[in-house]
Amino acid sequence: MTENTPTDADRLAALGYRQELRRSLSVLGNISLGFAVVSPVVGLYAAVQVGMGVAGGAWVWALPLCLLGQCLVVAVYAELASQWPLAGGAYQWSKRLTGPAVAWLSGWMWQFAVMFGNTTVAYLASPWLFALAGATPTPTEQVLVSVGFILLCTLVNAYGINSLRRFVGLGIAAEVVASVLVGLALLLFFRRHGLGLFTDFLDAPAGLGISDTGALLAAVAVAGWAFIGFDACVSTAEETKDAARQVPRAMWWSLLGVGLVVVLNAVAVGLAHPDPADVVHGKDLDPVTTAVTHAFGGWADKPFVLVVLISFTACLMASQGGAARGLYSLARDDVFPFSRHVRKVNRHRAPIGGLVAASVISCAALPLGLSTSAIGSLITFGSAATFVPFFLLTLVALTARLRGTWKPSGAFGLGRLGTPLNVLAVLWTGFELVNICWPRAVLAPAGAPWYQIWAAPLGVGVVTLTGLAYLLARRPDRRMGSAQQDEVRTDELAPAAG
């Protein structure tokens with residue numbers, strides 16, 4: 001590096017901020033955090049039982065469709081992350097592309113989607129700890145253990161990015177065992193069905209009183225959950241070396257790596273499952289474990305449970321770190337409640353204020369776990385709320401392109417393909433947002449109350465209205481200031497495209 005070559009700290013200063021977090025992540029470290037949050041184990045477990053329940057073996061076609069759609073989103077995110085490699089991407093990018101009110105609301109929605117998503121992951125992780133001991137938890141026990149998971153992850157995160165990276169590395173190793181090796185073994189040595197399974201709805205739509213098309217749309221709504229979280233790579237942008245180049249690469253590697261593994265395992269589980277019809281009829285609520293133990297024998301039960309537990313914990317740990325850095329990004333602009341406390345960084349250069357705030361909010365939603373219908377509503381809301389910022393940001397980016405107010409100038413660029421891919425990203429995220437929010441009784445447990453069926457639009461509406469109320473009462477948008485790229489040309493400081 002020559003004397004005149006700008007450093008990462010120089011680029012950060014040009015965007016209006018000083019280096020407070022520890023910049024020590026390589027591109028592999030950034031990829032590992034993104035991989036852990038997207039998590040093939042967590043994604044598959046969240047989707048396979050419900051997807052197969054509504055569309056039988058044909059549900060797997062929802063996965064490549066969702067992966068392709070999310071690739072469109074990453075294409076837009078990569079250009080933005082390369083030009084403005086900042087923690088709190090959705091908020092920071094929107095602030096530079098559109099008006100402050102829209103930018104603030106986008107950041108608000110993204111934060112609560114991630115924090116309530118962490119509630120969901122902690123709640124879904126806790127039964128695996130009980131399964132390790134062969135016990136079935138009561139609702140109260142499950143909630144208390146979920147709180148313990150969140151506090152454990154907070155403690156690890158509080159020791160800084162290097163501590164987080166090491167623990168997540170263990171989770172990645174577990175993912176390799178649980179996802180890649182087991183998936184390949186099921187596919188190569190334990191197939192029980194032919195490929196015709198993947199064109200067979202197994203009479204699931206007829207049993208639910210819906211059409212085959214309606215079943216596939218429902219499966220696509222569920223499968224979307226398996227391909228979110230790649231924006232965790234952006235959350236640690238201010239801790240990644242050569243972030244303008246490496247963060248876009250990390251997002252692509254994380255999404256594509258996880259996507260291929262999820263598709264592999266969905267196919268492998270379907271072909272190795274002893275009786276997929278049991279999943280359709282609700283007799284098997286854990287088809288992944290059933291396929292594994294039936295193939296390898298009962299001895300594989302406990303080791304597989306341990307691997308899944310580690311994967312869930314790594315996912316929660318990395319996602320909580322991302323939530324904390326997003327809150328830190330908002331709070332240092334003094335646009336989040338209790339910003340003076342939330343923006344604090346500890347001696348390990350970890351965003352301790354954001355960690356505490358994220359943990360408190362995630363834990364505050366856990367009492368919903370005392371009611372199955374209530375926690376089910378939160379899970380449904382989490383997926384919908386995640387697609388709101390995806391849609392808003394791709395729409396804002398497209399509007400700025402068409403107006404000529406944004407011309408991507410980072411190290412990563414798509415050239416003439418940028419605009420058409422951005423158009424497709426808006427269409428995809430808009431479609432999937434409506435698809436997820438569409439109230440479907442078939443995606444809720446039998447006899448679920450009306451509010452669980454309407455949980456996605458209701459949840460999005462409540463968080464949006466709460467954000468609007470805070471926006472009107474406290475006017476954080478007036479404290480955001482002007483976009484820093486007008487003061488210093490970021491394309492002059494960015495590394496040349498390779």
# chains A, B, ... in the order shown; residues from 1 in each chain; ligands from 1
$ residues_around --residues "range 193-200 of chain A" --least-positions-apart "6" --cutoff "7 Å" --atoms "only C-alpha atoms" --output "compact mmCIF listing (two decimals) with N, CA and C atoms, in the first residue's frame"
# COMPACT_ATOMS: atom_id res chain seq x y z
N GLY A 56 -46.42 -31.51 -0.94
CA GLY A 56 -45.84 -32.84 -1.12
C GLY A 56 -44.40 -32.78 -1.59
N GLY A 57 -44.01 -33.75 -2.42
CA GLY A 57 -42.64 -33.77 -2.92
C GLY A 57 -42.34 -32.61 -3.86
N ALA A 58 -43.35 -32.04 -4.48
CA ALA A 58 -43.15 -30.95 -5.45
C ALA A 58 -42.71 -29.65 -4.78
N VAL A 60 -40.05 -28.88 -3.39
CA VAL A 60 -38.64 -28.54 -3.56
C VAL A 60 -38.42 -27.52 -4.68
N LEU A 271 -35.81 -37.91 -0.95
CA LEU A 271 -35.55 -39.21 -1.57
C LEU A 271 -35.24 -40.30 -0.54
N ALA A 272 -34.71 -39.91 0.65
CA ALA A 272 -34.34 -40.90 1.66
C ALA A 272 -35.42 -41.11 2.71
$ residues_around --residues "Val434 in chain A" --least-positions-apart "3" --cutoff "10 Å" --atoms "only C-alpha atoms" --output "number ranges by chain"
A: 221, 384, 387-388, 429-431, 437-439, 456-457
$ write_last_selection --atoms "C-alpha atoms" --output "CSV table (one decimal), in the first residue's frame"
chain,number,residue,atom,x,y,z
A,221,ALA,CA,-43.8,-18.2,0.8
A,384,ALA,CA,-42.7,-11.0,6.2
A,387,PHE,CA,-38.9,-8.8,3.0
A,388,VAL,CA,-40.2,-5.3,3.7
A,429,THR,CA,-39.4,-8.8,-3.5
A,430,GLY,CA,-42.8,-7.1,-4.1
A,431,PHE,CA,-44.3,-10.5,-5.2
A,437,CYS,CA,-48.4,-11.7,3.9
A,438,TRP,CA,-51.3,-13.3,2.1
A,439,PRO,CA,-53.4,-14.9,4.9
A,456,ALA,CA,-47.8,-11.4,8.7
A,457,PRO,CA,-49.8,-8.3,7.7
$ residues_around --residues "Asp275 in chain A" --least-positions-apart "2" --cutoff "10 Å" --atoms "only C-alpha atoms" --output "PyMOL selection string"
chain A and resi 192-193+270-273+277-280+284+287+290-291
$ closest_residue --among "A:Tyr45, A:Trp454, A:Phe412, A:Trp299" --to "Ala226 in chain A" --atoms "only C-alpha atoms"
A:Tyr45
$ closest_residue --among "A:Leu155, A:Leu392, A:Val460, A:Val267" --to "Ser359 in chain A" --atoms "only C-alpha atoms"
A:Leu155
$ closest_residue --among "A:Gly29, A:Gly224, A:Gly107, A:Gly16" --to "Leu63 in chain A" --atoms "only C-alpha atoms"
A:Gly224
